[in-house]
file final.txt (compact mmCIF, C-alpha atoms)
# COMPACT_ATOMS: atom_id res chain seq x y z
CA MET A 97 105.52 101.80 107.23
CA ALA A 98 104.21 102.42 110.68
CA THR A 99 100.72 102.22 109.29
CA ILE A 100 101.41 98.87 107.67
CA LEU A 101 102.72 97.46 110.91
CA PHE A 102 99.85 98.89 112.81
CA LYS A 103 97.36 97.40 110.42
CA GLY A 104 99.19 94.11 110.63
CA ILE A 105 98.94 94.04 114.36
CA ALA A 106 95.35 95.12 114.37
CA ALA A 107 94.39 92.48 111.82
CA ARG A 108 96.30 89.81 113.69
CA SER A 109 94.64 90.47 116.94
CA LEU A 110 91.34 90.31 115.11
CA THR A 111 92.38 87.03 113.54
CA SER A 112 93.32 85.45 116.82
CA ARG A 113 90.12 86.61 118.40
CA LEU A 114 88.11 85.04 115.59
CA THR A 115 89.91 81.71 115.63
CA SER A 116 89.83 81.34 119.35
CA SER A 117 86.11 81.86 119.42
CA CYS A 118 85.28 79.45 116.65
CA TYR A 119 85.17 75.70 116.85
CA TYR A 120 87.37 74.83 113.88
CA GLY A 121 89.98 77.30 114.92
CA MET A 122 90.23 75.73 118.34
CA ARG A 123 90.51 72.24 116.93
CA TYR A 124 93.28 73.10 114.52
CA SER A 125 95.22 75.20 116.91
CA THR A 126 95.30 72.33 119.40
CA LYS A 127 96.66 70.02 116.74
CA VAL A 128 99.35 72.41 115.67
CA SER A 129 100.69 73.05 119.12
CA ASN A 130 100.87 69.30 119.90
CA ASP A 131 102.78 68.45 116.76
CA PRO A 132 106.54 68.95 117.12
CA ASP A 133 107.10 68.18 113.44
CA THR A 134 105.14 71.14 112.22
CA HIS A 135 107.03 72.61 109.31
CA ASP A 136 108.14 76.22 109.55
CA ASP A 137 105.82 77.07 106.68
CA PHE A 138 102.83 76.24 108.79
CA LYS A 139 103.79 78.17 111.83
CA PRO A 140 101.46 81.06 112.42
CA ALA A 141 104.16 83.58 113.28
CA ASN A 142 104.65 86.62 111.09
CA LYS A 143 102.23 85.52 108.43
CA LEU A 144 100.92 89.00 108.04
CA GLU A 145 104.29 90.64 107.63
CA ASN A 146 105.22 87.99 105.09
CA SER A 147 102.06 88.39 103.11
CA ALA A 148 102.44 92.14 103.15
CA THR A 149 105.96 91.84 101.80
CA SER A 150 105.06 89.47 99.04
CA LEU A 151 102.12 91.65 98.09
CA SER A 152 104.35 94.67 97.68
CA ASP A 153 106.82 92.45 95.80
CA ILE A 154 104.06 91.52 93.39
CA VAL A 155 103.18 95.14 92.77
CA GLU A 156 106.82 96.14 92.43
CA GLN A 157 107.44 93.39 89.89
CA ASP A 158 104.21 94.16 88.02
CA VAL A 159 104.95 97.80 87.48
CA LYS A 160 108.53 97.01 86.48
CA ASP A 161 107.55 94.39 83.92
CA ASN A 162 104.52 96.09 82.45
CA PRO A 163 104.73 99.54 80.92
CA VAL A 164 101.02 100.06 81.53
CA MET A 165 99.76 98.30 84.63
CA LEU A 166 96.24 98.54 86.02
CA TYR A 167 94.86 97.31 89.29
CA MET A 168 91.16 97.21 88.68
CA LYS A 169 87.84 95.65 89.51
CA GLY A 170 87.14 93.06 86.85
CA VAL A 171 89.25 92.44 83.76
CA PRO A 172 89.84 94.85 80.85
CA ASP A 173 87.28 93.09 78.66
CA PHE A 174 84.76 92.91 81.47
CA PRO A 175 85.26 95.62 84.06
CA GLN A 176 83.11 95.28 87.15
CA CYS A 177 83.02 98.94 88.09
CA GLY A 178 82.34 102.10 86.12
CA PHE A 179 85.60 103.76 87.09
CA SER A 180 87.71 100.76 86.10
CA SER A 181 85.76 100.59 82.89
CA LEU A 182 86.47 104.26 82.16
CA ALA A 183 90.22 103.89 82.74
CA VAL A 184 90.35 100.87 80.41
CA LYS A 185 88.32 102.67 77.76
CA VAL A 186 90.67 105.64 77.77
CA LEU A 187 93.84 103.54 77.71
CA LYS A 188 92.48 101.40 74.88
CA GLN A 189 92.51 104.48 72.68
CA TYR A 190 96.25 104.04 72.52
CA ASP A 191 98.13 101.29 70.80
CA VAL A 192 99.95 100.05 73.90
CA PRO A 193 99.84 96.74 75.71
CA LEU A 194 97.62 96.82 78.79
CA SER A 195 98.36 94.63 81.75
CA ALA A 196 95.88 94.33 84.55
CA ARG A 197 95.14 92.51 87.73
CA ASN A 198 91.61 91.99 88.89
CA ILE A 199 91.81 92.92 92.55
CA LEU A 200 88.58 91.05 93.21
CA GLU A 201 89.77 87.73 91.80
CA ASP A 202 93.52 87.61 91.17
CA PRO A 203 94.91 84.28 92.47
CA GLU A 204 98.38 85.65 93.18
CA LEU A 205 97.09 88.60 95.13
CA LYS A 206 94.80 86.27 97.01
CA ASN A 207 97.64 83.89 97.66
CA ALA A 208 99.75 86.73 99.00
CA CYS A 209 97.01 87.29 101.53
CA LYS A 210 96.30 83.64 102.11
CA SER A 211 96.28 83.89 105.86
CA LEU A 212 93.58 86.51 105.53
CA GLN A 213 91.43 84.89 102.94
CA PHE A 214 88.38 84.94 105.14
CA LEU A 215 88.91 88.66 105.61
CA LEU A 216 89.06 89.36 101.92
CA PHE A 217 88.55 93.07 102.25
CA LEU A 218 91.99 93.25 103.76
CA THR A 219 93.48 92.21 100.46
CA GLU A 220 92.14 95.37 99.02
CA ASN A 221 93.25 97.54 101.91
CA LEU A 222 96.77 96.16 101.93
CA LEU A 223 97.12 96.67 98.24
CA GLN A 224 95.92 100.22 98.53
CA LEU A 225 98.46 100.84 101.19
CA ILE A 226 101.42 99.28 99.49
CA SER A 227 101.07 100.13 95.86
CA SER A 228 100.40 103.81 95.91
CA HIS A 229 98.69 105.09 99.06
CA TRP A 230 95.59 105.67 97.03
CA PRO A 231 92.22 104.82 98.50
CA THR A 232 90.28 103.69 95.43
CA PHE A 233 90.49 101.55 92.31
CA PRO A 234 91.44 101.50 89.50
CA GLN A 235 95.05 102.42 90.06
CA VAL A 236 97.06 103.02 86.92
CA PHE A 237 100.85 102.77 86.66
CA ILE A 238 102.77 103.79 83.56
CA LYS A 239 106.42 102.85 83.25
CA GLY A 240 106.58 102.15 86.94
CA GLU A 241 105.13 105.50 87.94
CA PHE A 242 101.83 105.79 89.76
CA ILE A 243 99.54 107.91 87.61
CA GLY A 244 96.27 107.95 89.50
CA GLY A 245 92.69 106.81 89.07
CA SER A 246 90.21 107.11 86.23
CA ASP A 247 89.61 110.87 86.60
CA ILE A 248 93.28 111.60 86.18
CA VAL A 249 93.71 109.21 83.27
CA LEU A 250 90.74 110.79 81.51
CA ASN A 251 92.05 114.28 82.20
CA MET A 252 95.53 113.42 80.90
CA HIS A 253 93.93 111.93 77.80
CA GLN A 254 92.07 115.18 77.17
CA THR A 255 95.11 117.39 77.68
CA GLY A 256 97.44 115.24 75.57
CA GLU A 257 99.67 114.36 78.52
CA LEU A 258 98.74 110.70 78.27
CA LYS A 259 99.85 110.52 74.66
CA GLU A 260 103.16 112.03 75.67
CA LYS A 261 103.59 109.51 78.50
CA LEU A 262 102.78 106.53 76.33
CA LYS A 263 104.64 107.52 73.18
CA ASP A 264 107.83 105.54 73.74
CA ILE A 265 106.05 102.34 74.72
CA VAL A 266 106.41 99.64 72.09
CA PRO A 267 103.00 99.14 70.43
CA LYS A 268 101.28 95.86 71.05
CA GLN A 269 101.59 93.19 68.37
CA MET B 237 81.96 123.61 116.61
CA SER B 238 78.98 123.75 118.88
CA PHE B 239 77.39 120.92 116.92
CA ARG B 240 80.34 118.57 117.23
CA GLY B 241 78.33 116.04 119.19
CA THR B 242 75.83 115.67 116.38
CA THR B 243 78.40 115.27 113.61
CA THR B 244 77.53 111.65 113.01
CA LEU B 245 73.92 112.57 112.45
CA LEU B 246 74.78 114.87 109.57
CA SER B 247 74.71 113.36 106.13
CA ARG B 248 77.97 112.26 104.61
CA ALA B 249 77.57 114.92 101.95
CA THR B 250 77.41 117.61 104.61
CA ARG B 251 80.47 116.27 106.37
CA ILE B 252 82.46 116.03 103.14
CA LYS B 253 81.57 119.58 102.24
CA SER B 254 82.51 121.04 105.57
CA LYS B 255 85.80 119.14 105.72
CA LEU B 256 86.84 120.28 102.28
CA GLN B 257 85.58 123.78 102.74
CA SER B 258 87.40 124.43 105.97
CA SER B 259 90.73 122.91 104.95
CA LEU B 260 90.97 123.92 101.31
CA GLU B 261 89.06 127.20 101.47
CA ALA B 262 87.28 126.26 98.29
CA THR B 263 85.86 129.02 96.14
CA VAL B 264 83.67 126.54 94.31
CA LEU B 265 82.48 123.35 95.94
CA GLU B 266 79.92 121.22 94.15
CA LEU B 267 79.09 117.79 95.44
CA ASP B 268 76.61 115.48 93.74
CA ASP B 269 75.47 112.25 95.28
CA VAL B 270 75.45 109.74 92.44
CA SER B 271 75.16 106.65 94.62
CA TYR B 272 72.00 105.58 92.84
CA GLN B 273 74.04 105.00 89.66
CA HIS B 274 76.08 102.38 91.45
CA ALA B 275 73.43 100.76 93.60
CA GLY B 276 73.59 97.43 91.78
CA HIS B 277 77.30 97.06 91.25
CA ALA B 278 79.28 94.17 92.69
CA ALA B 279 80.82 95.87 95.69
CA MET B 280 77.56 97.54 96.72
CA LYS B 281 75.27 94.55 96.89
CA GLU B 282 75.97 93.70 100.49
CA SER B 283 76.21 97.26 101.66
CA SER B 284 73.54 99.11 103.52
CA GLU B 285 75.33 102.44 103.07
CA LYS B 286 73.37 105.00 101.13
CA GLU B 287 75.89 107.71 100.33
CA THR B 288 78.68 105.82 98.60
CA HIS B 289 79.46 107.64 95.35
CA PHE B 290 79.92 111.33 94.72
CA ASN B 291 80.98 113.65 91.96
CA LEU B 292 83.06 116.48 93.32
CA LYS B 293 84.03 119.72 91.68
CA ILE B 294 86.32 121.84 93.78
CA VAL B 295 88.21 125.03 93.08
CA SER B 296 90.88 126.11 95.50
CA ASP B 297 93.95 128.30 95.58
CA LYS B 298 95.70 125.55 97.46
CA PHE B 299 95.88 123.44 94.31
CA GLU B 300 98.18 126.00 92.71
CA GLY B 301 101.42 124.35 91.60
CA GLN B 302 100.22 120.86 92.57
CA SER B 303 100.00 117.94 90.15
CA LEU B 304 96.67 116.21 89.64
CA VAL B 305 97.78 113.25 91.71
CA LYS B 306 98.76 115.59 94.53
CA ARG B 307 95.41 117.42 94.34
CA HIS B 308 93.46 114.20 94.46
CA ARG B 309 95.57 113.00 97.38
CA MET B 310 94.86 116.23 99.25
CA VAL B 311 91.14 115.56 98.87
CA TYR B 312 91.45 111.87 99.74
CA ASP B 313 93.55 112.64 102.79
CA LEU B 314 90.90 114.98 104.14
CA LEU B 315 88.24 112.38 103.55
CA SER B 316 90.08 109.33 104.87
CA ASP B 317 87.55 108.87 107.68
CA GLU B 318 84.72 108.83 105.17
CA LEU B 319 86.57 106.42 102.87
CA GLN B 320 87.00 104.04 105.76
CA SER B 321 83.39 104.28 106.81
CA GLY B 322 81.60 103.46 103.60
CA LEU B 323 82.43 106.15 101.08
CA HIS B 324 83.26 104.03 98.06
CA ALA B 325 84.30 106.37 95.29
CA LEU B 326 84.72 109.99 94.42
CA SER B 327 85.01 111.43 90.97
CA ILE B 328 87.14 114.52 91.41
CA VAL B 329 87.59 117.64 89.33
CA ALA B 330 90.13 119.80 91.16
CA LYS B 331 91.10 123.16 89.73
CA THR B 332 92.66 126.43 90.75
CA PRO B 333 90.73 129.70 90.35
CA LYS B 334 93.09 130.62 87.51
CA GLU B 335 92.30 127.46 85.62
CA ILE B 336 88.57 128.10 85.50
CA THR B 337 88.61 131.72 84.45
CA PRO B 338 88.80 132.16 80.68
CA HIS B 339 92.26 133.32 79.62
CA ALA B 340 92.18 137.10 79.77
CA LYS B 341 95.18 138.54 78.05
call {"tool": "encode", "arguments": {"input": "final.txt", "output": "structure tokens"}}
result
Amino acid sequence: MATILFKGIAARSLTSRLTSSCYYGMRYSTKVSNDPDTHDDFKPANKLENSATSLSDIVEQDVKDNPVMLYMKGVPDFPQCGFSSLAVKVLKQYDVPLSARNILEDPELKNACKSLQFLLFLTENLLQLISSHWPTFPQVFIKGEFIGGSDIVLNMHQTGELKEKLKDIVPKQ
Amino acid sequence: MSFRGTTTLLSRATRIKSKLQSSLEATVLELDDVSYQHAGHAAMKESSEKETHFNLKIVSDKFEGQSLVKRHRMVYDLLSDELQSGLHALSIVAKTPKEITPHAK
């Protein structure tokens, strides 16, 4: 948690430095401060904390709703990274529904990090931090439990552990 | 650590090896730079980093009794500096000495 806060603060100070040194940022910030009717939603305060919370909410909900949940680069039918591709390939051997979010494109994830959209890489870092404290993608969750990356999924497939884990998941229609 | 000051001049591979070796007392430590296989992929296009992808095979007593996730985390934790400075992916095979010797009964 301390790390999340720290990152939040670090990113915010970076944000303010960027906006104050760029023309558009200055123009908009002047407008905002002069407008007493500014809605709460548009106030800059705590945006980072809020986005971090909603990001972890997304992940929490995802892994609760989807027996097999992948956070990957690309989509299952068109992975954009060899490791994501490998994890999908292994999981497709089983007759279970796969749910996935493309961490490079997902609109909800992006929205959760709206205030940071111009620092897109932070989306990735925040997700890594919140979902599983795992530094790389893909990240595979089965029945709400963090399983690991592609090496681990492949290994569990080879040892039969994966079959065991997936056996009580209702097959896809 | 007489060469501490020159650490940044060493290749990433060398740094990874020495970090893993000293903390995990690996009995086998094989590290292959496979960055060339990923040179064109989406995340690498804008990067000037050379050493981004590695295959790692590591055997250590310290993995005894640890799940795969835990073993991978142990490796990732040791390499967090590298992961934040351009190391993009590691493929990890982490075993204990017992697991690699054929079962002698």
call {"tool": "residues_near_point", "arguments": {"input": "final.txt", "point": "(95.8, 106.6, 88.4)", "cutoff": "9 Å", "atoms": "only C-alpha atoms", "output": "MDAnalysis selection string"}}
result
(chainID A and resid 166 183 230 233:238 242:249) or (chainID B and resid 305)
call {"tool": "atom_distance", "arguments": {"input": "final.txt", "atom1": "atom CA of A:Val192", "atom2": "atom CA of A:Lys268"}}
result
5.2 Å
call {"tool": "interface_residues", "arguments": {"input": "final.txt", "of": "chain B", "to": "chain A", "cutoff": "12 Å", "atoms": "only C-alpha atoms", "output": "PyMOL selection string"}}
result
chain B and resi 273-280+289+291-293+303-320+322-331
call {"tool": "atom_distance", "arguments": {"input": "final.txt", "atom1": "atom CA of A:Ile199", "atom2": "atom CA of A:Val171"}}
result
9.2 Å
call {"tool": "atom_distance", "arguments": {"input": "final.txt", "atom1": "atom CA of A:Pro193", "atom2": "atom CA of A:Pro175"}}
result
16.8 Å
call {"tool": "residues_around", "arguments": {"input": "final.txt", "residues": "B:Thr332", "least_positions_apart": "4", "cutoff": "7 Å", "atoms": "only C-alpha atoms", "output": "PyMOL selection string"}}
result
chain B and resi 295-297+299-300+336
call {"tool": "closest_residue", "arguments": {"input": "final.txt", "among": "B:Ala262, B:Lys253, B:Arg248, B:Ser321", "to": "B:Glu287", "atoms": "only C-alpha atoms"}}
result
B:Arg248
call {"tool": "residues_around", "arguments": {"input": "final.txt", "residues": "A:Glu241", "least_positions_apart": "5", "cutoff": "10 Å", "atoms": "all atoms listed in the file", "output": "VMD selection string"}}
result
chain A and resid 159 to 160 163 to 165 228 236
call {"tool": "residues_around", "arguments": {"input": "final.txt", "residues": "A:Phe174", "least_positions_apart": "4", "cutoff": "12 Å", "atoms": "only C-alpha atoms", "output": "CSV table (one decimal) with C-alpha atoms, in the frame of the given file"}}
result
chain,number,residue,atom,x,y,z
A,168,MET,CA,91.2,97.2,88.7
A,169,LYS,CA,87.8,95.6,89.5
A,170,GLY,CA,87.1,93.1,86.8
A,178,GLY,CA,82.3,102.1,86.1
A,180,SER,CA,87.7,100.8,86.1
A,181,SER,CA,85.8,100.6,82.9
A,182,LEU,CA,86.5,104.3,82.2
A,184,VAL,CA,90.4,100.9,80.4
A,185,LYS,CA,88.3,102.7,77.8
A,196,ALA,CA,95.9,94.3,84.6
A,198,ASN,CA,91.6,92.0,88.9
call {"tool": "decode", "arguments": {"input": "final.txt", "residues": "stretch 279-318 of chain B", "atoms": "N, CA and C atoms", "output": "mmCIF file, in the first residue's frame"}}
result
data_model
loop_
_atom_site.group_PDB
_atom_site.id
_atom_site.type_symbol
_atom_site.label_atom_id
_atom_site.label_comp_id
_atom_site.auth_asym_id
_atom_site.auth_seq_id
_atom_site.Cartn_x
_atom_site.Cartn_y
_atom_site.Cartn_z
ATOM 1 N N ALA B 279 6.021 -3.645 -28.084
ATOM 2 C CA ALA B 279 6.545 -2.848 -26.975
ATOM 3 C C ALA B 279 8.004 -2.447 -27.178
ATOM 4 N N MET B 280 8.673 -3.102 -28.136
ATOM 5 C CA MET B 280 10.119 -2.890 -28.275
ATOM 6 C C MET B 280 10.475 -1.865 -29.346
ATOM 7 N N LYS B 281 9.476 -1.463 -30.126
ATOM 8 C CA LYS B 281 9.790 -0.621 -31.276
ATOM 9 C C LYS B 281 10.448 0.701 -30.915
ATOM 10 N N GLU B 282 9.993 1.269 -29.816
ATOM 11 C CA GLU B 282 10.505 2.584 -29.446
ATOM 12 C C GLU B 282 11.672 2.495 -28.480
ATOM 13 N N SER B 283 12.100 1.290 -28.205
ATOM 14 C CA SER B 283 13.100 1.128 -27.164
ATOM 15 C C SER B 283 14.494 1.028 -27.755
ATOM 16 N N SER B 284 15.431 1.642 -27.081
ATOM 17 C CA SER B 284 16.804 1.544 -27.550
ATOM 18 C C SER B 284 17.566 0.489 -26.735
ATOM 19 N N GLU B 285 16.878 -0.096 -25.753
ATOM 20 C CA GLU B 285 17.519 -1.106 -24.915
ATOM 21 C C GLU B 285 17.877 -2.331 -25.762
ATOM 22 N N LYS B 286 19.018 -2.896 -25.457
ATOM 23 C CA LYS B 286 19.438 -4.081 -26.200
ATOM 24 C C LYS B 286 19.057 -5.362 -25.456
ATOM 25 N N GLU B 287 19.380 -5.405 -24.174
ATOM 26 C CA GLU B 287 19.152 -6.656 -23.432
ATOM 27 C C GLU B 287 17.798 -6.612 -22.742
ATOM 28 N N THR B 288 16.770 -7.089 -23.437
ATOM 29 C CA THR B 288 15.409 -6.958 -22.914
ATOM 30 C C THR B 288 14.760 -8.286 -22.561
ATOM 31 N N HIS B 289 15.166 -9.357 -23.233
ATOM 32 C CA HIS B 289 14.528 -10.659 -23.021
ATOM 33 C C HIS B 289 15.576 -11.729 -22.731
ATOM 34 N N PHE B 290 15.305 -12.506 -21.692
ATOM 35 C CA PHE B 290 16.228 -13.577 -21.332
ATOM 36 C C PHE B 290 15.481 -14.871 -21.031
ATOM 37 N N ASN B 291 16.144 -15.962 -21.302
ATOM 38 C CA ASN B 291 15.704 -17.251 -20.770
ATOM 39 C C ASN B 291 16.601 -17.594 -19.601
ATOM 40 N N LEU B 292 16.004 -17.946 -18.492
ATOM 41 C CA LEU B 292 16.782 -18.239 -17.295
ATOM 42 C C LEU B 292 16.494 -19.643 -16.810
ATOM 43 N N LYS B 293 17.567 -20.378 -16.562
ATOM 44 C CA LYS B 293 17.404 -21.667 -15.888
ATOM 45 C C LYS B 293 18.206 -21.586 -14.607
ATOM 46 N N ILE B 294 17.557 -21.793 -13.497
ATOM 47 C CA ILE B 294 18.251 -21.651 -12.224
ATOM 48 C C ILE B 294 17.882 -22.791 -11.278
ATOM 49 N N VAL B 295 18.897 -23.332 -10.665
ATOM 50 C CA VAL B 295 18.704 -24.410 -9.692
ATOM 51 C C VAL B 295 19.249 -23.934 -8.359
ATOM 52 N N SER B 296 18.386 -23.980 -7.345
ATOM 53 C CA SER B 296 18.821 -23.500 -6.040
ATOM 54 C C SER B 296 18.111 -24.249 -4.927
ATOM 55 N N ASP B 297 18.856 -24.506 -3.864
ATOM 56 C CA ASP B 297 18.275 -25.119 -2.670
ATOM 57 C C ASP B 297 17.174 -24.258 -2.068
ATOM 58 N N LYS B 298 17.298 -22.965 -2.298
ATOM 59 C CA LYS B 298 16.349 -22.050 -1.663
ATOM 60 C C LYS B 298 14.948 -22.150 -2.242
ATOM 61 N N PHE B 299 14.786 -22.883 -3.344
ATOM 62 C CA PHE B 299 13.448 -23.062 -3.904
ATOM 63 C C PHE B 299 12.708 -24.211 -3.226
ATOM 64 N N GLU B 300 13.428 -24.963 -2.414
ATOM 65 C CA GLU B 300 12.839 -26.126 -1.744
ATOM 66 C C GLU B 300 11.579 -25.716 -0.965
ATOM 67 N N GLY B 301 10.486 -26.420 -1.224
ATOM 68 C CA GLY B 301 9.255 -26.148 -0.486
ATOM 69 C C GLY B 301 8.495 -24.909 -0.950
ATOM 70 N N GLN B 302 8.982 -24.249 -2.009
ATOM 71 C CA GLN B 302 8.307 -23.046 -2.495
ATOM 72 C C GLN B 302 7.503 -23.365 -3.754
ATOM 73 N N SER B 303 6.317 -22.773 -3.854
ATOM 74 C CA SER B 303 5.508 -22.955 -5.060
ATOM 75 C C SER B 303 6.194 -22.255 -6.238
ATOM 76 N N LEU B 304 5.712 -22.577 -7.439
ATOM 77 C CA LEU B 304 6.294 -21.940 -8.624
ATOM 78 C C LEU B 304 6.143 -20.426 -8.577
ATOM 79 N N VAL B 305 4.950 -19.988 -8.171
ATOM 80 C CA VAL B 305 4.725 -18.539 -8.108
ATOM 81 C C VAL B 305 5.740 -17.900 -7.163
ATOM 82 N N LYS B 306 5.942 -18.543 -6.022
ATOM 83 C CA LYS B 306 6.877 -18.016 -5.031
ATOM 84 C C LYS B 306 8.303 -17.977 -5.612
ATOM 85 N N ARG B 307 8.683 -19.044 -6.302
ATOM 86 C CA ARG B 307 10.030 -19.086 -6.893
ATOM 87 C C ARG B 307 10.224 -17.962 -7.911
ATOM 88 N N HIS B 308 9.217 -17.802 -8.751
ATOM 89 C CA HIS B 308 9.330 -16.732 -9.752
ATOM 90 C C HIS B 308 9.397 -15.367 -9.077
ATOM 91 N N ARG B 309 8.587 -15.214 -8.017
ATOM 92 C CA ARG B 309 8.618 -13.927 -7.304
ATOM 93 C C ARG B 309 9.987 -13.672 -6.684
ATOM 94 N N MET B 310 10.612 -14.731 -6.170
ATOM 95 C CA MET B 310 11.941 -14.563 -5.571
ATOM 96 C C MET B 310 12.907 -14.007 -6.619
ATOM 97 N N VAL B 311 12.810 -14.574 -7.829
ATOM 98 C CA VAL B 311 13.692 -14.103 -8.906
ATOM 99 C C VAL B 311 13.343 -12.667 -9.294
ATOM 100 N N TYR B 312 12.046 -12.421 -9.497
ATOM 101 C CA TYR B 312 11.619 -11.072 -9.888
ATOM 102 C C TYR B 312 12.017 -10.028 -8.845
ATOM 103 N N ASP B 313 11.854 -10.404 -7.573
ATOM 104 C CA ASP B 313 12.195 -9.440 -6.521
ATOM 105 C C ASP B 313 13.664 -9.052 -6.582
ATOM 106 N N LEU B 314 14.519 -10.034 -6.839
ATOM 107 C CA LEU B 314 15.948 -9.738 -6.913
ATOM 108 C C LEU B 314 16.287 -8.871 -8.122
ATOM 109 N N LEU B 315 15.430 -8.982 -9.145
ATOM 110 C CA LEU B 315 15.747 -8.266 -10.382
ATOM 111 C C LEU B 315 14.875 -7.030 -10.583
ATOM 112 N N SER B 316 14.263 -6.537 -9.504
ATOM 113 C CA SER B 316 13.312 -5.441 -9.690
ATOM 114 C C SER B 316 13.977 -4.199 -10.295
ATOM 115 N N ASP B 317 15.231 -3.951 -9.938
ATOM 116 C CA ASP B 317 15.933 -2.808 -10.545
ATOM 117 C C ASP B 317 16.036 -2.971 -12.062
ATOM 118 N N GLU B 318 16.355 -4.192 -12.465
ATOM 119 C CA GLU B 318 16.523 -4.452 -13.901
ATOM 120 C C GLU B 318 15.183 -4.316 -14.624
#
